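Text of protein.csv (CSV, C-alpha atoms and all ligand atoms) as supplied:
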chain,number,residue,atom,x,y,z
L,1,LYS,CA,-20.7,-12.9,17.8
L,2,PRO,CA,-18.8,-10.2,19.9
L,3,ALA,CA,-21.1,-7.9,21.8
L,4,GLY,CA,-21.9,-4.6,20.0
L,5,GLN,CA,-20.8,-6.0,16.7
L,6,ASP,CA,-24.2,-7.0,15.2
L,7,SER,CA,-25.1,-5.5,11.9
L,8,ALA,CA,-26.8,-2.1,12.4
L,9,ASN,CA,-29.0,-2.4,9.3
L,10,THR,CA,-31.6,-5.0,9.9
L,11,GLY,CA,-32.2,-5.3,6.2
L,12,ALA,CA,-28.9,-7.0,5.6
L,13,ALA,CA,-29.2,-9.1,8.8
L,14,GLY,CA,-32.5,-10.3,7.5
L,15,GLY,CA,-30.9,-11.3,4.2
L,16,GLY,CA,-31.5,-8.0,2.3
L,17,THR,CA,-28.9,-6.0,0.4
L,18,ILE,CA,-25.7,-5.3,2.4
L,19,THR,CA,-24.6,-1.7,2.5
L,20,MET,CA,-20.9,-1.0,2.9
L,21,GLY,CA,-19.3,2.4,3.5
L,22,PHE,CA,-15.8,2.4,2.1
L,23,SER,CA,-13.3,5.2,2.8
L,24,GLN,CA,-10.4,5.1,0.3
L,25,VAL,CA,-7.0,6.8,0.8
L,26,GLY,CA,-7.1,8.8,-2.4
L,27,ALA,CA,-6.0,8.4,-6.0
L,28,GLU,CA,-2.3,9.0,-5.4
L,29,SER,CA,-0.9,6.1,-7.5
L,30,GLY,CA,-1.5,3.4,-10.2
L,31,TRP,CA,-1.8,0.9,-7.3
L,32,ARG,CA,-4.6,2.9,-5.7
L,33,SER,CA,-6.5,3.2,-9.0
L,34,ALA,CA,-6.3,-0.6,-9.5
L,35,ASN,CA,-7.4,-1.1,-5.8
L,36,THR,CA,-10.4,1.2,-6.2
L,37,LYS,CA,-11.5,-0.5,-9.4
L,38,SER,CA,-11.2,-3.9,-7.7
L,39,ILE,CA,-13.3,-2.8,-4.8
L,40,GLN,CA,-16.0,-1.2,-7.0
L,41,GLU,CA,-16.2,-4.1,-9.4
L,42,SER,CA,-16.3,-6.8,-6.7
L,43,ALA,CA,-19.0,-4.9,-4.7
L,44,LYS,CA,-21.1,-4.9,-7.9
L,45,ASP,CA,-20.5,-8.6,-8.5
L,46,ALA,CA,-21.3,-9.5,-4.9
L,47,GLY,CA,-24.5,-7.4,-5.0
L,48,ILE,CA,-23.2,-5.2,-2.2
L,49,ASP,CA,-24.4,-1.5,-2.1
L,50,LEU,CA,-21.2,0.5,-2.0
L,51,LYS,CA,-20.9,4.0,-0.6
L,52,PHE,CA,-17.5,5.1,-1.8
L,53,SER,CA,-15.6,8.1,-0.4
L,54,ASP,CA,-12.2,9.4,-1.5
L,55,ALA,CA,-10.2,11.0,1.3
L,56,GLN,CA,-7.6,12.7,-0.9
L,57,GLN,CA,-4.8,11.4,1.3
L,58,LYS,CA,-6.2,13.3,4.4
L,59,GLN,CA,-7.0,11.5,7.7
L,60,GLU,CA,-9.6,14.2,8.6
L,61,ASN,CA,-11.6,13.4,5.5
L,62,GLN,CA,-11.5,9.7,6.4
L,63,ILE,CA,-12.8,10.4,9.9
L,64,LYS,CA,-15.6,12.6,8.5
L,65,ALA,CA,-16.5,9.8,6.0
L,66,ILE,CA,-16.6,7.1,8.7
L,67,ARG,CA,-18.8,9.4,10.9
L,68,SER,CA,-21.2,9.9,8.0
L,69,PHE,CA,-21.3,6.1,7.4
L,70,ILE,CA,-22.2,5.6,11.0
L,71,GLN,CA,-25.0,8.2,10.7
L,72,GLN,CA,-26.3,6.5,7.6
L,73,LYS,CA,-26.4,3.2,9.6
L,74,VAL,CA,-24.5,1.2,6.9
L,75,ASP,CA,-24.1,-2.5,7.7
L,76,VAL,CA,-20.3,-2.6,7.5
L,77,ILE,CA,-17.5,0.1,7.3
L,78,ALA,CA,-14.3,-0.8,5.5
L,79,PHE,CA,-11.4,1.6,5.0
L,80,SER,CA,-7.7,1.8,4.1
L,81,PRO,CA,-6.3,4.1,6.8
L,82,VAL,CA,-4.0,6.8,5.3
L,83,VAL,CA,-1.8,6.8,8.4
L,84,GLU,CA,-1.5,4.3,11.3
L,85,SER,CA,-2.3,6.4,14.4
L,86,GLY,CA,-5.2,8.4,15.6
L,87,TRP,CA,-8.2,6.1,14.9
L,88,ASP,CA,-9.3,4.9,18.3
L,89,THR,CA,-12.0,7.5,18.9
L,90,VAL,CA,-13.8,7.1,15.6
L,91,LEU,CA,-13.5,3.3,15.7
L,92,LYS,CA,-15.0,3.3,19.1
L,93,GLU,CA,-17.9,5.3,17.8
L,94,ALA,CA,-18.5,2.7,15.1
L,95,LYS,CA,-18.3,-0.1,17.6
L,96,ASP,CA,-20.7,1.7,19.9
L,97,ALA,CA,-23.1,2.0,17.0
L,98,GLY,CA,-22.8,-1.8,16.4
L,99,ILE,CA,-21.2,-1.4,13.0
L,100,PRO,CA,-18.4,-3.8,12.3
L,101,VAL,CA,-15.2,-2.3,10.7
L,102,ILE,CA,-12.8,-4.1,8.3
L,103,LEU,CA,-9.4,-2.7,7.5
L,104,THR,CA,-8.1,-3.2,4.1
L,105,ASP,CA,-4.6,-2.6,2.6
L,106,ARG,CA,-3.2,-0.5,5.5
L,107,ALA,CA,-3.1,-1.2,9.3
L,108,VAL,CA,-3.9,1.0,12.3
L,109,ASP,CA,-1.8,0.9,15.5
L,110,SER,CA,-4.7,0.7,17.9
L,111,ALA,CA,-3.9,-1.5,20.9
L,112,ASP,CA,-7.6,-2.5,21.2
L,113,LYS,CA,-8.0,-5.1,18.4
L,114,SER,CA,-11.7,-5.4,19.1
L,115,LEU,CA,-12.2,-2.1,17.2
L,116,TYR,CA,-12.0,-3.9,13.9
L,117,ARG,CA,-12.9,-7.4,12.8
L,118,THR,CA,-10.1,-8.2,10.4
L,119,PHE,CA,-7.2,-6.6,8.4
L,120,ILE,CA,-6.9,-7.8,4.8
L,121,GLY,CA,-3.7,-6.8,3.0
L,122,SER,CA,0.0,-7.2,2.3
L,123,ASP,CA,2.8,-7.8,4.7
L,124,PHE,CA,4.7,-4.5,4.1
L,125,VAL,CA,7.6,-5.4,6.4
L,126,GLU,CA,8.2,-8.5,4.3
L,127,GLU,CA,8.0,-6.4,1.1
L,128,GLY,CA,10.8,-4.2,2.5
L,129,ARG,CA,12.8,-7.3,3.4
L,130,LYS,CA,12.4,-8.7,-0.2
L,131,ALA,CA,13.8,-5.5,-1.5
L,132,GLY,CA,16.7,-5.6,0.9
L,133,ARG,CA,17.5,-9.3,0.2
L,134,TRP,CA,17.9,-8.6,-3.5
L,135,LEU,CA,20.2,-5.7,-2.8
L,136,VAL,CA,22.3,-7.6,-0.4
L,137,GLU,CA,22.8,-10.4,-3.0
L,138,GLN,CA,23.6,-7.9,-5.7
L,139,TYR,CA,26.4,-6.2,-3.7
L,140,LYS,CA,27.7,-9.2,-1.7
L,141,ASP,CA,31.2,-8.7,-3.1
L,142,ALA,CA,31.2,-4.9,-3.0
L,143,ALA,CA,34.6,-3.5,-2.1
L,144,GLU,CA,33.5,0.0,-1.6
L,145,ASP,CA,30.5,1.7,0.1
L,146,ILE,CA,27.2,1.5,-1.9
L,147,ASN,CA,25.3,4.8,-1.5
L,148,ILE,CA,21.5,4.3,-1.3
L,149,VAL,CA,18.8,7.0,-1.5
L,150,GLU,CA,15.3,6.2,-0.3
L,151,LEU,CA,12.0,7.6,-1.4
L,152,GLN,CA,9.6,6.9,1.4
L,153,GLY,CA,5.8,6.7,1.0
L,154,THR,CA,3.4,8.9,2.9
L,155,THR,CA,4.8,9.9,6.3
L,156,GLY,CA,3.1,7.9,9.1
L,157,SER,CA,1.5,5.3,6.7
L,158,ALA,CA,1.9,1.6,7.4
L,159,PRO,CA,3.6,0.9,4.0
L,160,ALA,CA,6.1,3.7,4.5
L,161,ASN,CA,6.9,2.7,8.1
L,162,ASP,CA,7.1,-1.1,7.3
L,163,ARG,CA,8.9,-1.0,4.0
L,164,LYS,CA,11.6,1.1,5.6
L,165,ALA,CA,11.9,-1.1,8.6
L,166,GLY,CA,12.0,-4.4,6.6
L,167,PHE,CA,14.6,-3.0,4.2
L,168,GLU,CA,16.8,-1.6,7.0
L,169,GLU,CA,16.6,-4.9,8.9
L,170,ILE,CA,18.1,-6.8,6.0
L,171,ILE,CA,20.7,-4.4,4.6
L,172,ALA,CA,22.2,-4.1,8.1
L,173,GLU,CA,23.9,-7.5,7.3
L,174,ASN,CA,26.3,-5.6,5.0
L,175,PRO,CA,27.8,-2.4,6.5
L,176,LYS,CA,28.9,-1.3,3.0
L,177,LEU,CA,25.2,-0.7,2.1
L,178,LYS,CA,24.6,2.9,3.3
L,179,VAL,CA,21.4,4.9,3.2
L,180,ILE,CA,22.8,8.4,2.6
L,181,ALA,CA,19.4,10.2,2.2
L,182,SER,CA,15.8,9.3,2.9
L,183,GLN,CA,12.7,11.5,2.4
L,184,THR,CA,9.0,11.2,1.7
L,185,GLY,CA,7.7,11.4,-1.9
L,186,ASP,CA,4.1,10.8,-0.7
L,187,PHE,CA,3.7,7.9,-3.0
L,188,THR,CA,3.2,10.2,-6.1
L,189,ARG,CA,5.1,10.6,-9.3
L,190,ALA,CA,5.3,14.4,-9.0
L,191,LYS,CA,6.9,14.2,-5.5
L,192,GLY,CA,9.1,11.3,-6.5
L,193,LYS,CA,10.6,13.5,-9.3
L,194,GLU,CA,11.0,16.6,-7.1
L,195,VAL,CA,12.7,14.7,-4.2
L,196,MET,CA,15.0,12.8,-6.6
L,197,GLN,CA,16.0,16.1,-8.2
L,198,ALA,CA,17.0,17.3,-4.8
L,199,PHE,CA,18.9,14.1,-4.0
L,200,LEU,CA,20.8,14.4,-7.3
L,201,LYS,CA,21.8,17.9,-6.5
L,202,ALA,CA,23.0,17.1,-3.0
L,203,HIS,CA,24.8,13.8,-3.8
L,204,LYS,CA,27.1,13.2,-6.8
L,205,ASP,CA,27.6,9.6,-5.9
L,206,ILE,CA,24.3,7.8,-5.7
L,207,ASP,CA,24.5,4.1,-6.5
L,208,VAL,CA,21.0,2.8,-5.7
L,209,LEU,CA,17.5,4.2,-5.4
L,210,TYR,CA,15.0,2.4,-3.2
L,211,ALA,CA,11.5,3.8,-3.9
L,212,HIS,CA,8.5,2.6,-1.7
L,213,ASN,CA,6.3,2.5,-4.8
L,214,ASP,CA,6.5,2.4,-8.6
L,215,ASP,CA,5.0,5.9,-9.1
L,216,MET,CA,7.8,7.6,-7.1
L,217,ALA,CA,10.3,5.5,-9.0
L,218,LEU,CA,8.8,6.6,-12.3
L,219,GLY,CA,9.0,10.2,-11.2
L,220,ALA,CA,12.6,9.7,-10.1
L,221,ILE,CA,13.5,8.1,-13.5
L,222,GLN,CA,12.5,11.4,-15.2
L,223,ALA,CA,14.8,13.3,-12.8
L,224,ILE,CA,17.6,10.9,-13.4
L,225,GLU,CA,17.3,11.1,-17.2
L,226,ALA,CA,17.1,14.9,-17.0
L,227,ALA,CA,20.4,14.8,-15.1
L,228,GLY,CA,22.0,12.9,-18.1
L,229,LEU,CA,22.2,9.6,-16.2
L,230,LYS,CA,20.9,6.2,-17.2
L,231,PRO,CA,18.3,4.7,-14.8
L,232,GLY,CA,18.9,1.0,-14.1
L,233,GLU,CA,22.6,1.4,-15.1
L,234,ASP,CA,24.1,4.5,-13.5
L,235,ILE,CA,21.7,4.2,-10.6
L,236,VAL,CA,20.2,0.8,-9.7
L,237,ILE,CA,16.5,1.1,-8.9
L,238,ILE,CA,14.3,-1.0,-6.7
L,239,SER,CA,10.6,-0.3,-6.2
L,240,VAL,CA,7.4,-1.8,-4.8
L,241,ASP,CA,3.9,-2.5,-6.4
L,242,ALA,CA,4.5,-4.0,-9.9
L,243,VAL,CA,1.7,-1.9,-11.6
L,244,LYS,CA,1.8,-1.9,-15.4
L,245,ASP,CA,3.9,1.3,-15.8
L,246,GLY,CA,6.4,0.0,-13.3
L,247,MET,CA,6.6,-3.4,-15.0
L,248,GLN,CA,7.1,-1.6,-18.3
L,249,ALA,CA,10.0,0.4,-16.9
L,250,ALA,CA,11.5,-2.8,-15.5
L,251,ALA,CA,11.1,-4.6,-18.9
L,252,ASP,CA,12.9,-1.6,-20.4
L,253,GLY,CA,15.7,-2.0,-17.9
L,254,LYS,CA,15.1,1.2,-16.1
L,255,ILE,CA,13.9,-0.5,-12.9
L,256,ASN,CA,16.1,-3.4,-11.8
L,257,PHE,CA,13.8,-5.1,-9.2
L,258,ILE,CA,10.2,-4.8,-8.2
L,259,VAL,CA,8.5,-6.2,-5.2
L,260,GLU,CA,4.9,-7.0,-5.9
L,261,CYS,CA,2.1,-5.5,-3.8
L,262,ASN,CA,-1.3,-6.8,-4.9
L,263,PRO,CA,-4.1,-4.2,-5.1
L,264,LEU,CA,-6.8,-6.6,-6.1
L,265,LEU,CA,-8.3,-6.9,-2.6
L,266,GLY,CA,-11.9,-6.5,-3.7
L,267,PRO,CA,-13.0,-10.2,-3.8
L,268,GLN,CA,-11.5,-11.0,-0.4
L,269,LEU,CA,-13.0,-7.9,1.1
L,270,MET,CA,-16.5,-8.8,-0.2
L,271,GLU,CA,-16.2,-12.3,1.2
L,272,ALA,CA,-15.2,-10.9,4.6
L,273,VAL,CA,-18.1,-8.4,4.5
L,274,LYS,CA,-20.6,-11.1,3.9
L,275,ALA,CA,-19.2,-13.3,6.6
L,276,VAL,CA,-19.2,-10.5,9.2
L,277,VAL,CA,-22.8,-9.6,8.3
L,278,GLU,CA,-23.8,-13.3,8.7
L,279,GLY,CA,-22.3,-13.2,12.1
L,280,LYS,CA,-19.5,-15.7,11.2
L,281,GLU,CA,-16.0,-15.5,12.6
L,282,VAL,CA,-13.3,-14.2,10.3
L,283,GLU,CA,-9.6,-14.6,10.5
L,284,PRO,CA,-8.2,-11.4,12.3
L,285,ARG,CA,-5.4,-11.1,9.7
L,286,ILE,CA,-5.7,-12.1,6.0
L,287,VAL,CA,-2.4,-11.7,4.2
L,288,THR,CA,-2.1,-11.3,0.4
L,289,ASN,CA,0.1,-13.6,-1.6
L,290,GLU,CA,2.8,-11.7,-3.6
L,291,THR,CA,6.0,-12.2,-5.6
L,292,THR,CA,8.9,-10.2,-7.0
L,293,PHE,CA,10.2,-9.4,-10.5
L,294,THR,CA,13.6,-8.8,-12.0
L,295,SER,CA,13.7,-7.0,-15.4
L,296,GLU,CA,13.6,-10.3,-17.3
L,297,GLU,CA,10.7,-11.6,-15.2
L,298,ALA,CA,8.8,-8.3,-15.7
L,299,LYS,CA,9.3,-8.6,-19.5
L,300,ALA,CA,7.8,-12.1,-19.4
L,301,ALA,CA,4.9,-11.1,-17.1
L,302,LEU,CA,3.9,-7.8,-18.8
L,303,PRO,CA,1.7,-9.1,-21.6
L,304,THR,CA,-0.8,-10.7,-19.1
L,305,ARG,CA,-0.5,-8.2,-16.3
L,306,GLU,CA,-4.0,-7.2,-15.2
L,307,TYR,CA,-3.3,-3.7,-13.7
Y,401,LIG,O1,-0.9,1.1,0.8
Y,401,LIG,C1,-0.4,0.6,-0.5
Y,401,LIG,C2,0.5,1.6,-1.1
Y,401,LIG,O2,-0.3,2.8,-1.3
Y,401,LIG,C3,1.0,1.3,-2.5
Y,401,LIG,O3,2.2,0.6,-2.4
Y,401,LIG,C4,1.2,2.7,-3.0
Y,401,LIG,O4,1.4,2.7,-4.4
Y,401,LIG,C5,-0.1,3.3,-2.6
Y,401,LIG,O5,-0.2,4.6,-2.8
For this file, write the structure as structure tokens.
Ligand code: AHR
Amino acid sequence: KPAGQDSANTGAAGGGTITMGFSQVGAESGWRSANTKSIQESAKDAGIDLKFSDAQQKQENQIKAIRSFIQQKVDVIAFSPVVESGWDTVLKEAKDAGIPVILTDRAVDSADKSLYRTFIGSDFVEEGRKAGRWLVEQYKDAAEDINIVELQGTTGSAPANDRKAGFEEIIAENPKLKVIASQTGDFTRAKGKEVMQAFLKAHKDIDVLYAHNDDMALGAIQAIEAAGLKPGEDIVIISVDAVKDGMQAAADGKINFIVECNPLLGPQLMEAVKAVVEGKEVEPRIVTNETTFTSEEAKAALPTREY
């Protein structure tokens, strides 16, 4: 067991109830609601006492929550960091207090990997690449420029940084694929709609929308329809997540391609929490398995979609 990483609460170490403090990003999207439900239900099933805190998309609230978990001497702290940078100080405080930290969903950019025990979540760069690969294939014979607008997730967040990078890496293969505008929609429907309205005003020739999540794509669809255009036809739409509302829009032909991002991280998180408390080694990186959906595939998958 690494030094300073023993469980702080001797109750759990002695086989009693494990207490976990969890700091959630917020409730910004359908994905997030499914993720929160998964964590709450799996904690209950695993008999783990969960102290849940919603940061409303603010890093300062997450830092406050983590400090309060340290004061309460929880056994484990888990959190999904809203942005990548600025965590070293508070993570060091947890380490000094002997409380292990598990990252879930989003990563931190700390150079010191001993500040957390494992990171459970998707490969966001690969998600961006999957979106890019589909687009490259669609437009492989394009004779003219294809104008793409991009709705980015929360500025500075791992999924926004990585989905952008992965997508850019792949579309660079075809110089006809051009990102003509790129702005944050903060992963919300309201912002997705607002930014898409601005894109439509500024650019008369948008061919493709790449949205970093379904909620922003759904907001953008409202703006596209209000402008008298047909989403999925006049403007090809790619998004990420594959939550029910997104899948419905894909089945309706309004979203052309969705890259799945699995929010059901609760069971894996509880397993890791138990292992860490028992002093077992855990893999430093646990990647979630994910797929993609075309409109046809979304139609077929929708009836059994869990979230
Ligand atoms: O970190 C995962 C991302 O956060 C999801 O793709 C998005 O919908 C959520 O807000």
(request) Residues within 6 Å of ligand LIG 401 (chain Y) should be enumerated using only C-alpha atoms and all ligand atoms and returned as a PyMOL selection string. (result) chain L and resi 28-29+31-32+105-106+159+187+213+241
Here's a test: counting all atoms listed in the file, identify every protein, DNA and RNA residue with an atom at most 9 Å from (7.2, -3.4, -0.1) in the file's coordinate frame, and state them as a tab-separated table (two decimals) with C-alpha atoms, in the coordinates of the input.
chain	number	residue	atom	x	y	z
L	122	SER	CA	0.00	-7.20	2.30
L	123	ASP	CA	2.80	-7.80	4.70
L	124	PHE	CA	4.70	-4.50	4.10
L	125	VAL	CA	7.60	-5.40	6.40
L	126	GLU	CA	8.20	-8.50	4.30
L	127	GLU	CA	8.00	-6.40	1.10
L	128	GLY	CA	10.80	-4.20	2.50
L	129	ARG	CA	12.80	-7.30	3.40
L	130	LYS	CA	12.40	-8.70	-0.20
L	131	ALA	CA	13.80	-5.50	-1.50
L	159	PRO	CA	3.60	0.90	4.00
L	160	ALA	CA	6.10	3.70	4.50
L	162	ASP	CA	7.10	-1.10	7.30
L	163	ARG	CA	8.90	-1.00	4.00
L	164	LYS	CA	11.60	1.10	5.60
L	166	GLY	CA	12.00	-4.40	6.60
L	167	PHE	CA	14.60	-3.00	4.20
L	212	HIS	CA	8.50	2.60	-1.70
L	213	ASN	CA	6.30	2.50	-4.80
L	239	SER	CA	10.60	-0.30	-6.20
L	240	VAL	CA	7.40	-1.80	-4.80
L	241	ASP	CA	3.90	-2.50	-6.40
L	258	ILE	CA	10.20	-4.80	-8.20
L	259	VAL	CA	8.50	-6.20	-5.20
L	260	GLU	CA	4.90	-7.00	-5.90
L	261	CYS	CA	2.10	-5.50	-3.80
(request) Do a neighbour search on Lys193 in chain L at 9 Å with all atoms listed in the file, toss out local chain neighbours closer than 6 positions, and write the hits as a count of residues only. (result) 10
(request) Name the closest residue to Leu135 in chain L among the candidates L:Thr294, L:Ser23, L:Asn35, L:Ser42; distances are taken between atoms, counting all atoms listed in the file. (result) L:Thr294
(request) Quote the spacing between CA of Gly21 in chain L and CA of Glu306 in chain L in Å to one decimal place. (result)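 Separation between CA of Gly21 in chain L and CA of Glu306 in chain L: 26.0 Å.
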(message) Using only C-alpha atoms for the distances, tell me which of L:Glu283, L:Glu137, L:Glu84, L:Asp96 is nearest to Ala111 in chain L.
(response) L:Glu84
